[in-house]
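*Asks:* Sharing upload-v8.cif (mmCIF, C-alpha atoms) below.
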data_target
loop_
_atom_site.label_atom_id
_atom_site.label_comp_id
_atom_site.auth_asym_id
_atom_site.auth_seq_id
_atom_site.Cartn_x
_atom_site.Cartn_y
_atom_site.Cartn_z
CA MET A 1 -5.28 32.77 13.26
CA SER A 2 -6.71 29.29 13.02
CA LEU A 3 -7.17 27.08 10.01
CA LYS A 4 -10.31 27.47 7.88
CA SER A 5 -11.46 24.22 6.29
CA LEU A 6 -14.25 23.21 3.93
CA ASP A 7 -15.22 20.83 6.73
CA PRO A 8 -16.80 22.81 9.58
CA ARG A 9 -15.74 20.17 12.10
CA ILE A 10 -12.10 20.78 11.22
CA THR A 11 -12.56 24.56 11.42
CA ARG A 12 -14.03 24.12 14.90
CA GLU A 13 -10.85 22.34 16.02
CA GLU A 14 -9.07 25.72 15.76
CA LEU A 15 -5.92 24.17 14.33
CA PRO A 16 -2.89 26.44 13.92
CA ASP A 17 -2.61 28.05 10.49
CA VAL A 18 1.17 27.75 10.35
CA PRO A 19 2.99 24.46 9.68
CA ASP A 20 4.28 22.85 12.85
CA ASN A 21 7.47 20.88 12.29
CA THR A 22 8.19 19.93 15.86
CA PRO A 23 8.60 16.20 16.36
CA LEU A 24 6.07 14.35 18.51
CA LYS A 25 6.79 13.60 22.11
CA ASP A 26 8.71 10.39 22.42
CA ILE A 27 6.29 7.54 23.00
CA HIS A 28 7.17 3.90 22.87
CA HIS A 29 5.49 1.34 20.71
CA TRP A 30 2.84 -1.04 21.59
CA ASN A 31 4.12 -4.50 20.99
CA THR A 32 3.57 -6.47 17.80
CA PHE A 33 1.42 -9.55 17.37
CA GLU A 34 1.23 -12.01 14.49
CA VAL A 35 -2.25 -12.89 13.25
CA PHE A 36 -3.47 -16.30 12.04
CA HIS A 37 -6.74 -16.64 10.22
CA GLN A 38 -8.96 -19.70 9.66
CA SER A 39 -11.28 -19.07 6.76
CA LYS A 40 -13.49 -22.14 7.24
CA THR A 41 -13.98 -24.86 9.78
CA GLY A 42 -11.65 -27.73 9.08
CA GLY A 43 -9.01 -25.55 7.42
CA HIS A 44 -5.61 -24.58 8.74
CA HIS A 45 -4.97 -21.32 10.51
CA ILE A 46 -2.84 -19.30 8.12
CA HIS A 47 -0.56 -16.38 8.93
CA VAL A 48 -2.02 -13.20 7.43
CA GLY A 49 0.09 -10.41 8.90
CA SER A 50 0.92 -8.50 12.04
CA LEU A 51 -0.40 -5.59 14.07
CA HIS A 52 0.40 -3.39 17.08
CA ALA A 53 -1.58 -3.86 20.28
CA PRO A 54 -1.09 -3.24 24.00
CA ASN A 55 -2.14 -6.79 24.98
CA ALA A 56 -3.44 -10.05 23.51
CA GLU A 57 -7.12 -9.24 24.09
CA MET A 58 -6.83 -5.95 22.25
CA ALA A 59 -4.80 -7.66 19.55
CA LEU A 60 -7.70 -10.02 18.94
CA ILE A 61 -10.20 -7.16 18.65
CA LEU A 62 -7.93 -5.26 16.26
CA ALA A 63 -7.20 -8.44 14.29
CA LYS A 64 -10.92 -8.85 13.65
CA GLU A 65 -11.10 -5.29 12.33
CA GLN A 66 -7.93 -5.55 10.30
CA TYR A 67 -8.01 -9.07 8.88
CA ALA A 68 -11.60 -10.28 9.11
CA ARG A 69 -13.86 -7.36 8.22
CA ARG A 70 -15.06 -9.04 5.05
CA TYR A 71 -15.09 -12.51 3.50
CA ASN A 72 -15.11 -15.75 5.45
CA CYS A 73 -13.46 -16.15 8.79
CA VAL A 74 -14.43 -18.55 11.53
CA ASN A 75 -11.50 -18.20 13.92
CA LEU A 76 -8.50 -15.99 14.66
CA TRP A 77 -5.31 -16.52 16.64
CA VAL A 78 -2.95 -13.80 17.79
CA VAL A 79 0.55 -14.62 19.00
CA LYS A 80 3.04 -12.17 20.43
CA THR A 81 5.78 -11.79 17.82
CA SER A 82 8.47 -12.18 20.47
CA ASP A 83 7.04 -15.59 21.46
CA ILE A 84 7.72 -17.05 18.04
CA LEU A 85 10.94 -18.95 17.60
CA ALA A 86 11.80 -19.10 13.93
CA SER A 87 14.62 -21.05 12.33
CA LYS A 88 17.50 -18.84 11.32
CA LYS A 89 17.90 -17.71 7.74
CA GLU A 90 21.59 -18.60 7.76
CA ASP A 91 20.66 -22.14 8.85
CA GLU A 92 18.68 -22.75 5.69
CA GLU A 93 20.86 -25.74 4.84
CA ILE A 94 19.23 -27.74 7.64
CA PHE A 95 16.40 -28.29 5.17
CA GLU A 96 18.74 -29.51 2.47
CA THR A 97 18.97 -33.28 2.48
CA THR A 98 19.62 -35.89 -0.14
CA PRO A 99 17.26 -35.47 -3.09
CA GLU A 100 16.96 -39.29 -3.11
CA LYS A 101 14.13 -39.63 -0.63
CA LEU A 102 11.99 -42.16 -2.43
CA TYR A 103 12.29 -44.46 0.55
CA ARG A 104 10.06 -41.99 2.41
CA GLU A 105 7.41 -41.86 -0.25
CA ALA A 106 4.64 -44.18 -1.38
CA SER A 107 5.87 -43.96 -4.95
CA GLY A 108 9.17 -45.48 -3.85
CA TYR A 109 7.54 -48.88 -3.42
CA LYS A 110 6.59 -50.80 -6.57
CA VAL A 111 5.69 -54.47 -6.21
CA MET A 112 3.32 -55.23 -9.10
CA GLU A 113 6.10 -56.37 -11.39
CA LYS A 114 7.33 -58.87 -8.84
CA ILE A 115 3.81 -60.09 -8.07
CA ASN A 116 2.98 -60.61 -11.76
CA LYS A 117 6.23 -62.42 -12.38
CA PHE A 118 5.58 -64.59 -9.36
CA LYS A 119 2.00 -65.35 -10.47
CA ASN A 120 3.14 -66.23 -14.01
CA GLU A 121 5.78 -68.57 -12.71
CA ARG A 122 3.23 -70.30 -10.47
CA LYS A 123 0.81 -70.77 -13.37
CA LYS A 124 3.52 -72.35 -15.48
CA GLY A 125 4.80 -74.40 -12.61
CA MET B 1 -5.67 3.25 -2.82
CA TYR B 2 -3.04 5.54 -3.39
CA GLY B 3 0.43 4.39 -4.13
CA GLY B 4 1.72 6.45 -6.96
CA GLY B 5 4.30 8.93 -8.12
CA TYR B 6 7.01 7.93 -5.72
CA ILE B 7 9.99 10.19 -5.63
CA PHE B 8 13.01 7.94 -5.50
CA GLU B 9 16.12 9.50 -4.10
CA GLU B 10 19.39 9.52 -5.94
CA SER B 11 22.14 7.81 -3.99
CA LYS B 12 23.74 10.07 -1.43
CA ASN B 13 26.89 11.55 -2.89
CA GLY B 14 29.98 9.91 -1.60
CA HIS B 15 28.08 7.05 0.00
CA LYS B 16 29.83 4.03 -1.40
CA GLU B 17 28.43 0.86 -0.05
CA GLU B 18 30.89 -1.97 0.48
CA ILE B 19 29.08 -4.89 -1.07
CA ASP B 20 30.17 -8.49 -0.86
CA PRO B 21 30.07 -9.52 -4.56
CA VAL B 22 29.13 -13.12 -3.74
CA LYS B 23 26.16 -12.04 -1.64
CA LEU B 24 25.09 -9.51 -4.26
CA GLU B 25 25.27 -12.14 -6.97
CA ARG B 26 23.09 -14.52 -4.96
CA PHE B 27 20.62 -11.70 -4.17
CA GLU B 28 20.32 -10.56 -7.79
CA SER B 29 19.99 -14.04 -9.25
CA LYS B 30 17.23 -14.79 -6.75
CA ILE B 31 15.32 -11.72 -7.93
CA ALA B 32 15.98 -12.51 -11.58
CA ALA B 33 14.52 -15.99 -11.00
CA GLY B 34 11.33 -14.41 -9.64
CA GLU B 35 11.95 -15.39 -6.02
CA LYS B 36 10.97 -13.02 -3.22
CA ILE B 37 13.32 -11.42 -0.72
CA GLU B 38 12.23 -11.90 2.90
CA PRO B 39 13.06 -9.66 5.88
CA ALA B 40 15.85 -11.88 7.25
CA ASP B 41 17.59 -12.22 3.86
CA TRP B 42 20.76 -10.32 3.06
CA MET B 43 20.04 -7.21 0.96
CA PRO B 44 22.09 -4.21 -0.19
CA PHE B 45 21.75 -1.09 1.94
CA GLU B 46 20.43 0.86 -1.04
CA TYR B 47 17.67 -1.73 -1.66
CA ARG B 48 16.56 -1.48 1.96
CA ARG B 49 16.70 2.32 1.96
CA GLN B 50 14.66 2.78 -1.22
CA LEU B 51 12.08 0.19 -0.15
CA ILE B 52 11.57 1.80 3.25
CA ARG B 53 11.13 5.14 1.54
CA MET B 54 8.66 3.80 -1.00
CA ILE B 55 6.54 1.67 1.36
CA GLU B 56 6.51 4.44 3.94
CA GLN B 57 5.33 7.02 1.38
CA HIS B 58 2.65 4.57 0.32
CA ALA B 59 1.48 4.05 3.92
CA HIS B 60 1.35 7.80 4.57
CA SER B 61 -0.67 8.26 1.37
CA GLU B 62 -3.26 5.79 2.60
CA ILE B 63 -3.62 7.52 5.93
CA ILE B 64 -3.70 11.06 4.53
CA GLY B 65 -5.85 9.85 1.62
CA ALA B 66 -8.54 8.87 4.10
CA LEU B 67 -8.95 12.55 5.08
CA PRO B 68 -10.49 14.23 1.97
CA GLU B 69 -13.07 11.44 1.69
CA GLY B 70 -13.49 11.05 5.43
CA THR B 71 -14.81 14.60 5.77
CA TRP B 72 -17.75 13.56 3.57
CA ILE B 73 -18.97 10.68 5.75
CA THR B 74 -21.26 12.92 7.80
CA ARG B 75 -22.63 14.53 4.64
CA ALA B 76 -22.98 11.44 2.43
CA PRO B 77 -26.26 11.51 0.48
CA GLY B 78 -28.17 8.57 1.87
CA PHE B 79 -27.56 5.73 4.29
CA ARG B 80 -26.16 3.18 1.85
CA ARG B 81 -23.58 5.62 0.52
CA LYS B 82 -22.64 6.56 4.07
CA LEU B 83 -22.05 2.89 4.93
CA ALA B 84 -20.03 2.35 1.78
CA LEU B 85 -17.89 5.43 2.33
CA MET B 86 -17.21 4.44 5.93
CA ALA B 87 -16.13 1.01 4.70
CA LYS B 88 -13.84 2.56 2.12
CA VAL B 89 -12.23 4.98 4.56
CA GLN B 90 -11.73 2.15 7.05
CA ASP B 91 -10.07 0.12 4.28
CA GLU B 92 -7.65 2.96 3.54
CA VAL B 93 -6.59 3.21 7.15
CA GLY B 94 -6.27 -0.57 7.26
CA HIS B 95 -4.04 -0.42 4.19
CA ALA B 96 -1.79 2.04 6.01
CA GLN B 97 -1.51 -0.44 8.88
CA LEU B 98 -0.52 -3.26 6.51
CA LEU B 99 2.04 -1.06 4.79
CA TYR B 100 3.56 0.30 7.99
CA SER B 101 4.04 -3.31 9.11
CA ALA B 102 5.77 -4.17 5.84
CA ALA B 103 8.10 -1.16 6.19
CA GLU B 104 8.79 -2.05 9.82
CA THR B 105 10.19 -5.42 8.78
CA LEU B 106 12.96 -3.44 7.06
CA GLY B 107 13.95 -1.83 10.33
CA LYS B 108 12.23 1.55 10.56
CA PRO B 109 9.94 1.66 13.62
CA ARG B 110 6.35 2.77 13.12
CA GLU B 111 6.50 5.64 15.59
CA VAL B 112 9.45 7.09 13.70
CA MET B 113 7.53 6.89 10.41
CA ILE B 114 4.48 8.60 11.92
CA ASN B 115 6.72 11.24 13.42
CA ASP B 116 8.38 11.86 10.05
CA LEU B 117 4.96 12.24 8.43
CA ILE B 118 3.62 14.68 11.00
CA SER B 119 6.74 16.80 11.16
CA GLY B 120 6.70 17.14 7.38
CA LYS B 121 9.86 15.13 6.72
CA SER B 122 8.24 12.31 4.73
CA LYS B 123 6.13 12.70 1.62
CA TYR B 124 2.76 11.27 0.67
CA SER B 125 0.86 11.22 -2.61
CA ASN B 126 0.50 14.77 -3.83
CA VAL B 127 -3.16 14.39 -4.85
CA PHE B 128 -4.29 14.55 -1.23
CA ASN B 129 -3.12 18.11 -0.89
CA TYR B 130 -6.22 19.07 -2.90
CA PRO B 131 -9.69 19.45 -1.37
CA ALA B 132 -12.83 17.40 -2.01
CA VAL B 133 -15.08 20.38 -2.63
CA THR B 134 -18.37 18.57 -3.30
CA TRP B 135 -19.77 15.05 -3.01
CA ALA B 136 -18.88 14.56 -6.69
CA ASP B 137 -15.18 15.04 -5.82
CA THR B 138 -15.36 11.97 -3.59
CA ALA B 139 -16.87 10.04 -6.49
CA ILE B 140 -14.05 11.10 -8.83
CA ILE B 141 -11.41 10.29 -6.19
CA ALA B 142 -12.89 6.85 -5.47
CA TRP B 143 -13.10 6.03 -9.16
CA LEU B 144 -10.10 7.59 -10.86
CA ILE B 145 -7.51 8.03 -8.12
CA ASP B 146 -8.17 4.50 -6.93
CA ALA B 147 -7.95 3.32 -10.54
CA GLY B 148 -4.53 4.93 -10.84
CA ALA B 149 -3.50 3.37 -7.56
CA ILE B 150 -4.58 -0.08 -8.72
CA ILE B 151 -2.43 0.18 -11.85
CA ASN B 152 0.53 1.12 -9.68
CA GLN B 153 -0.14 -1.47 -7.01
CA VAL B 154 -0.75 -4.37 -9.33
CA ALA B 155 2.65 -3.61 -10.89
CA ASN B 156 4.33 -3.33 -7.48
CA SER B 157 2.74 -6.53 -6.19
CA LYS B 158 5.00 -8.35 -8.65
CA GLY B 159 8.05 -6.73 -7.08
CA SER B 160 10.76 -8.50 -5.14
CA TYR B 161 10.08 -7.76 -1.46
CA GLY B 162 7.86 -10.45 0.07
CA PRO B 163 6.10 -8.51 2.84
CA TYR B 164 5.26 -5.60 0.50
CA CYS B 165 3.87 -7.94 -2.17
CA ARG B 166 1.73 -9.77 0.36
CA ALA B 167 0.32 -6.51 1.71
CA LEU B 168 -0.41 -5.30 -1.82
CA GLU B 169 -2.27 -8.46 -2.79
CA ARG B 170 -4.63 -7.92 0.12
CA ILE B 171 -4.92 -4.23 -0.68
CA CYS B 172 -5.71 -4.77 -4.37
CA ILE B 173 -8.68 -7.01 -3.54
CA GLU B 174 -10.19 -4.23 -1.44
CA GLU B 175 -9.36 -1.57 -4.00
CA SER B 176 -11.52 -3.31 -6.56
CA PHE B 177 -14.52 -2.56 -4.34
CA HIS B 178 -13.43 1.10 -4.10
CA LEU B 179 -13.17 1.37 -7.85
CA LYS B 180 -16.62 -0.12 -8.47
CA TYR B 181 -18.12 2.01 -5.73
CA GLY B 182 -16.55 5.15 -7.22
CA HIS B 183 -17.64 4.27 -10.75
CA ASP B 184 -21.17 3.64 -9.51
CA ASN B 185 -21.24 7.10 -7.91
CA VAL B 186 -19.90 8.82 -11.01
CA VAL B 187 -22.37 6.99 -13.28
CA PHE B 188 -25.23 7.94 -10.97
CA LEU B 189 -24.33 11.64 -11.21
CA ALA B 190 -23.44 11.60 -14.91
CA THR B 191 -26.74 9.97 -15.86
CA GLY B 192 -28.74 12.12 -13.47
CA THR B 193 -30.22 15.62 -13.53
CA PRO B 194 -28.45 18.54 -15.27
CA VAL B 195 -27.36 19.81 -11.84
CA GLN B 196 -25.82 16.43 -10.99
CA ARG B 197 -24.07 16.24 -14.37
CA LYS B 198 -22.65 19.71 -13.89
CA MET B 199 -21.45 18.77 -10.43
CA VAL B 200 -19.54 15.71 -11.62
CA GLN B 201 -18.09 17.56 -14.64
CA GLU B 202 -16.76 20.30 -12.36
CA ALA B 203 -15.23 17.73 -10.04
CA LEU B 204 -13.53 16.06 -13.02
CA ASN B 205 -12.18 19.43 -14.15
CA ARG B 206 -10.72 20.05 -10.70
CA TRP B 207 -9.18 16.57 -10.39
CA TRP B 208 -7.78 16.09 -13.88
CA PRO B 209 -4.47 17.94 -13.28
CA PRO B 210 -3.78 16.08 -10.00
CA ILE B 211 -4.68 12.79 -11.74
CA MET B 212 -2.13 13.52 -14.46
CA HIS B 213 0.42 14.29 -11.74
CA PHE B 214 -0.45 11.09 -9.91
CA PHE B 215 2.12 8.80 -11.54
CA GLY B 216 4.90 11.35 -11.13
CA PRO B 217 7.16 13.09 -13.67
CA SER B 218 8.87 11.16 -16.47
CA ASP B 219 11.64 9.03 -15.02
CA LYS B 220 15.12 10.20 -15.71
CA ILE B 221 16.97 7.48 -17.51
CA SER B 222 19.84 6.76 -15.19
CA VAL B 223 21.91 3.91 -13.85
CA HIS B 224 20.05 4.50 -10.61
CA THR B 225 16.62 3.82 -12.17
CA GLU B 226 18.02 0.80 -13.97
CA THR B 227 19.29 -0.69 -10.72
CA LEU B 228 15.93 -0.14 -9.02
CA MET B 229 14.21 -1.87 -11.91
CA LYS B 230 16.68 -4.75 -11.90
CA TRP B 231 16.06 -5.19 -8.17
CA LYS B 232 12.31 -5.08 -8.83
CA VAL B 233 11.76 -2.12 -6.51
CA LYS B 234 10.43 -0.01 -9.36
CA MET B 235 8.26 -2.10 -11.66
CA ALA B 236 7.20 0.22 -14.45
CA SER B 237 8.11 3.70 -15.63
CA ASN B 238 5.86 6.58 -14.56
CA ASP B 239 5.03 7.37 -18.19
CA ASP B 240 4.08 3.76 -18.96
CA MET B 241 1.70 3.70 -16.03
CA ARG B 242 0.16 7.02 -17.08
CA GLN B 243 -0.37 5.64 -20.60
CA LYS B 244 -1.99 2.52 -19.22
CA PHE B 245 -4.32 4.61 -17.08
CA LEU B 246 -5.37 6.78 -20.04
CA ASP B 247 -5.91 3.69 -22.16
CA MET B 248 -8.22 2.12 -19.64
CA TYR B 249 -10.15 5.11 -18.33
CA VAL B 250 -10.42 7.86 -20.94
CA PRO B 251 -12.94 5.82 -22.99
CA LYS B 252 -14.95 5.12 -19.82
CA ILE B 253 -15.05 8.85 -19.04
CA TRP B 254 -16.02 9.77 -22.59
CA GLU B 255 -18.81 7.21 -22.79
CA LEU B 256 -20.56 9.11 -20.00
CA GLY B 257 -20.50 12.24 -22.14
CA LEU B 258 -18.09 13.97 -19.79
CA THR B 259 -15.37 16.28 -21.10
CA ILE B 260 -11.74 15.95 -20.11
CA PRO B 261 -10.24 19.41 -19.65
CA ASP B 262 -7.31 18.92 -22.00
CA PRO B 263 -7.86 19.96 -25.67
CA LYS B 264 -4.70 18.10 -26.74
CA LEU B 265 -5.76 14.76 -25.30
CA LYS B 266 -6.04 12.13 -28.03
CA LYS B 267 -4.70 8.74 -28.91
CA ASN B 268 -2.17 8.72 -31.70
CA ASP B 269 -3.24 5.79 -33.87
CA GLU B 270 0.21 5.34 -35.36
CA THR B 271 2.18 5.18 -32.15
CA GLY B 272 -0.68 3.77 -30.06
CA LYS B 273 0.26 6.32 -27.39
CA TRP B 274 -1.83 9.04 -25.80
CA GLU B 275 -0.86 12.63 -26.46
CA TYR B 276 -1.66 15.20 -23.82
CA THR B 277 -0.71 18.62 -22.53
CA GLU B 278 2.38 18.19 -20.42
CA PRO B 279 1.26 18.42 -16.77
CA ASP B 280 2.51 21.44 -14.85
CA TRP B 281 5.47 19.91 -13.02
CA GLU B 282 6.36 23.23 -11.40
CA GLU B 283 3.03 23.16 -9.61
CA PHE B 284 3.61 19.51 -8.69
CA LYS B 285 6.95 20.43 -7.10
CA ARG B 286 5.49 23.44 -5.33
CA VAL B 287 2.61 21.44 -3.86
CA ILE B 288 4.65 18.41 -2.84
CA ASN B 289 7.04 20.73 -1.03
CA GLY B 290 4.26 22.08 1.14
CA ASP B 291 2.57 24.87 -0.77
CA GLY B 292 -0.68 23.22 -1.85
CA PRO B 293 -4.25 24.13 -0.91
CA CYS B 294 -4.51 21.50 1.86
CA ASN B 295 -0.98 20.53 2.98
CA LYS B 296 -1.24 22.46 6.24
CA GLU B 297 -4.70 21.16 7.03
CA ARG B 298 -3.81 17.51 6.35
CA LEU B 299 -0.81 17.50 8.65
CA ALA B 300 -2.49 19.61 11.32
CA VAL B 301 -5.48 17.24 11.42
CA ARG B 302 -3.17 14.23 11.62
CA ARG B 303 -1.12 15.85 14.39
CA ARG B 304 -4.22 16.73 16.40
CA ALA B 305 -5.50 13.13 16.14
CA GLU B 306 -2.15 11.81 17.29
CA GLU B 307 -2.04 14.22 20.23
CA LYS B 308 -5.62 13.50 21.24
CA GLY B 309 -5.01 9.75 21.25
CA GLU B 310 -1.75 9.90 23.12
CA TRP B 311 -3.19 9.44 26.61
CA VAL B 312 -4.98 6.26 25.51
CA ARG B 313 -1.82 4.76 24.07
CA ARG B 314 0.12 5.74 27.15
CA ALA B 315 -2.51 4.38 29.55
CA LEU B 316 -2.40 0.96 27.89
CA MET B 317 1.40 0.88 27.64
CA LYS B 318 3.25 -1.66 29.75
CA ASP B 319 6.66 -0.34 30.69
CA LYS B 320 8.37 -3.70 30.70
CA GLU B 321 7.22 -4.65 27.22
CA LYS B 322 9.85 -4.31 24.57
CA TYR B 323 8.88 -3.65 20.99
CA THR B 324 9.59 -6.48 18.57
CA VAL B 325 9.95 -5.99 14.83
CA PRO B 326 7.10 -7.88 13.09
CA LEU B 327 8.13 -11.17 11.53
CA SER B 328 6.89 -10.76 7.99
#
Represent the structure from my file as structure tokens, please.

*Replies:*
Amino acid sequence: MSLKSLDPRITREELPDVPDNTPLKDIHHWNTFEVFHQSKTGGHHIHVGSLHAPNAEMALILAKEQYARRYNCVNLWVVKTSDILASKKEDEEIFETTPEKLYREASGYKVMEKINKFKNERKKG
Amino acid sequence: MYGGGYIFEESKNGHKEEIDPVKLERFESKIAAGEKIEPADWMPFEYRRQLIRMIEQHAHSEIIGALPEGTWITRAPGFRRKLALMAKVQDEVGHAQLLYSAAETLGKPREVMINDLISGKSKYSNVFNYPAVTWADTAIIAWLIDAGAIINQVANSKGSYGPYCRALERICIEESFHLKYGHDNVVFLATGTPVQRKMVQEALNRWWPPIMHFFGPSDKISVHTETLMKWKVKMASNDDMRQKFLDMYVPKIWELGLTIPDPKLKKNDETGKWEYTEPDWEEFKRVINGDGPCNKERLAVRRRAEEKGEWVRRALMKDKEKYTVPLS
């Protein structure tokens, strides 16, 4: 006996009326791609997530459906996940340096005091 | 939509995880400080196991949840509603994709998850084992089930696992459209002709018990639950979420002159808590274990779709390609 549904289209499928617990045939995955989204011209492309696709072209089509079906988007990138080289979590200390980095920053350079002192001395002189 | 009423598993008896106390300390203090855990971070086995289970259940619920509403696309009353319903159903399937990706980062491949769903090994939200009998059922689902899901998902989006939180933030934005769309449909029927009012009232009567089941039974107070809460896997108790839902939506249902089919339902002014007839948890258990009105149909439809699409997936498969776990 086949399954009777409220939806006639499902009834027409003649699905079995008994639960089927057999696992699916083994099928490998499509590969994964990472998706980058630019919401307006001039902005950065920002990572928004990943998806499965058989190739880059399909990944781009699916990325549009998945990550750009509403709101602003002007451009999308897809990159094969396996092509991304990320720094290792256990190497996190490579980002730890001396907290004293004022020599790299604009705020580390203050000259007004010296200039004013110099100007005052010249006036007096 | 649709994350709600997760069934967390008690730790397997006898499974004692050897945990490095230094690593555990660092992990827990990170979470306590509100930092997120990312896929490559160290995490206890139990944290990983419970998260996979929860995110996977959530993903399955999205994909199965698309079915009761999806059957109404061809019969939607009017072009605008048809467009809106298609958009909603597409969103739900998209949410499943986002959630499967998040679960994959924890190490369970997507094909294995889909296999576990179809062969009946994994669970999904119990509400989708009930049928959408009329158009009004889709309106009640889109409004109230999605409302319940939002309460759950907003809580979970403040959890500790980075990829899940990011997926949920995206999902919640789309859910707000579903909720408004559903409310709009219910209001249209409730303020319409007597036939339309009757239709929406009957749908509410059918859906009220599943809605009360939605957040799951009261949590047992156990060390297990406490650990999951400390690790920010579980963010609020099932009862608290149910109370929050009643607080927000019962007045909105009543203002439309609709009746909620529970004579005991009222807010206790002293305690500030809602009182209600205890949901039938025996039925909940029976349905979640396979004996509901639509369990067979849902899984059979999903299996047929998977089998019908297999040749396409196979045709596009490149043998040399090796699957990579998504980055985040």

*Asks:* Using all atoms listed in the file, which residues sit within 7 Å of stretch 28-41 of chain A once same-chain residues fewer than 3 positions away are excluded, as a ChimeraX atom specification?

*Replies:* /A:44-54,59,63,72-81 /B:111,317,321-324,326

*Asks:* Give one line per residue of chain B that approaches chain A to at most 9 Å, naming the two atoms of the closest pair and their distance in Å to one decimal, counting all atoms listed in the file; sort by chain then ascending residue number and deliver it as a Markdown table.

*Replies:*
| residue | atom | partner | partner_atom | distance |
| --- | --- | --- | --- | --- |
| B:Ala40 | CA | A:Lys89 | CA | 6.2 |
| B:Asp41 | CA | A:Lys89 | CA | 6.7 |
| B:Thr71 | CA | A:Asp7 | CA | 6.3 |
| B:Trp72 | CA | A:Asp7 | CA | 8.3 |
| B:Asp91 | CA | A:Gln66 | CA | 8.5 |
| B:Gly94 | CA | A:Gln66 | CA | 6.1 |
| B:His95 | CA | A:Gln66 | CA | 8.9 |
| B:Gln97 | CA | A:Leu51 | CA | 7.4 |
| B:Leu98 | CA | A:Gly49 | CA | 7.6 |
| B:Ser101 | CA | A:Ser50 | CA | 6.7 |
| B:Ala102 | CA | A:Gly49 | CA | 9.0 |
| B:Pro109 | CA | A:His29 | CA | 8.4 |
| B:Arg110 | CA | A:His29 | CA | 7.8 |
| B:Glu111 | CA | A:His29 | CA | 6.8 |
| B:Ile114 | CA | A:Leu24 | CA | 8.9 |
| B:Asn115 | CA | A:Leu24 | CA | 6.0 |
| B:Asp116 | CA | A:Pro23 | CA | 7.7 |
| B:Ile118 | CA | A:Asn21 | CA | 7.4 |
| B:Ser119 | CA | A:Asn21 | CA | 4.3 |
| B:Gly120 | CA | A:Asn21 | CA | 6.2 |
| B:Lys121 | CA | A:Asn21 | CA | 8.4 |
| B:Pro131 | CA | A:Leu6 | CA | 7.9 |
| B:Ala132 | CA | A:Leu6 | CA | 8.4 |
| B:Val133 | CA | A:Leu6 | CA | 7.2 |
| B:Pro163 | CA | A:Gly49 | CA | 8.7 |
| B:Arg166 | CA | A:Val48 | CA | 8.7 |
| B:Ala167 | CA | A:Gly49 | CA | 8.2 |
| B:Gly290 | CA | A:Pro19 | CA | 9.0 |
| B:Cys294 | CA | A:Ser5 | CA | 8.7 |
| B:Asn295 | CA | A:Pro19 | CA | 8.7 |
| B:Lys296 | CA | A:Pro19 | CA | 5.8 |
| B:Glu297 | CA | A:Leu3 | CA | 7.1 |
| B:Leu299 | CA | A:Pro19 | CA | 8.0 |
| B:Ala300 | CA | A:Leu15 | CA | 6.5 |
| B:Val301 | CA | A:Ile10 | CA | 7.5 |
| B:Arg303 | CA | A:Leu24 | CA | 8.4 |
| B:Arg304 | CA | A:Leu15 | CA | 7.9 |
| B:Glu306 | CA | A:Leu24 | CA | 8.7 |
| B:Glu307 | CA | A:Leu24 | CA | 8.3 |
| B:Glu310 | CA | A:Ile27 | CA | 8.4 |
| B:Arg313 | CA | A:Trp30 | CA | 7.8 |
| B:Arg314 | CA | A:Ile27 | CA | 7.7 |
| B:Leu316 | CA | A:Pro54 | CA | 5.9 |
| B:Met317 | CA | A:Pro54 | CA | 6.0 |
| B:Lys318 | CA | A:Pro54 | CA | 7.4 |
| B:Asp319 | CA | A:His28 | CA | 8.9 |
| B:Glu321 | CA | A:Asn31 | CA | 7.0 |
| B:Lys322 | CA | A:Asn31 | CA | 6.8 |
| B:Tyr323 | CA | A:Asn31 | CA | 4.8 |
| B:Thr324 | CA | A:Thr32 | CA | 6.1 |
| B:Val325 | CA | A:Thr32 | CA | 7.1 |
| B:Pro326 | CA | A:Thr32 | CA | 6.1 |
| B:Leu327 | CA | A:Thr81 | CA | 6.7 |
| B:Ser328 | CA | A:Gly49 | CA | 6.9 |

*Asks:* Atom CA of B:Asp137 to atom CA of B:Ala203: how many Å, to one decimal?

*Replies:*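 Atom CA of B:Ala203 lies 5.0 Å from atom CA of B:Asp137.
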
*Asks:* Take atom CA of B:Pro293 and atom CA of B:Ala305 and report the distance between them in Å, one decimal.

*Replies:*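 Distance between the two atoms: 20.3 Å.
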
*Asks:* Using all atoms listed in the file, which residues sit within 12 Å of B:Met86 once same-chain residues fewer than 6 positions away are excluded, as number ranges by chain?

*Replies:* B: 66-67, 69-76, 79-80, 92-93, 178, 181

*Asks:* Taking the file above as input, evaluate the PyMOL selection byres ((chain B and resi 143) around 9) and report the hits as a list in words.

*Replies:*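 Against this file, the PyMOL selection byres ((chain B and resi 143) around 9) returns the residues Thr138, Ala139, Ile140, Ile141, Ala142, Leu144, Ile145, Asp146, Ala147, Gly148, His178, Leu179, Lys180, Tyr181, Gly182, His183, Asp184, Asn185 and Val186 of chain B.
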
*Asks:* For B:Glu174, which residue among B:Val89, B:Leu204, B:Met241, B:Ile260 is the nearest when counting only C-alpha atoms?

*Replies:*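 Selected residue with least distance to B:Glu174: B:Val89.
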
*Asks:* Which distance in Å separates atom CA of B:Leu258 and atom CA of B:Gly192, to one decimal?

*Replies:*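 For atom CA of B:Leu258 relative to atom CA of B:Gly192, the distance reads 12.5 Å.
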
*Asks:* Quick one: apply the PyMOL selection byres ((chain B and resi 161) around 6) to the file and drop the selected residues here as a list in words.

*Replies:* Lys36, Ile37, Ser160, Gly162, Pro163 and Tyr164 of chain B
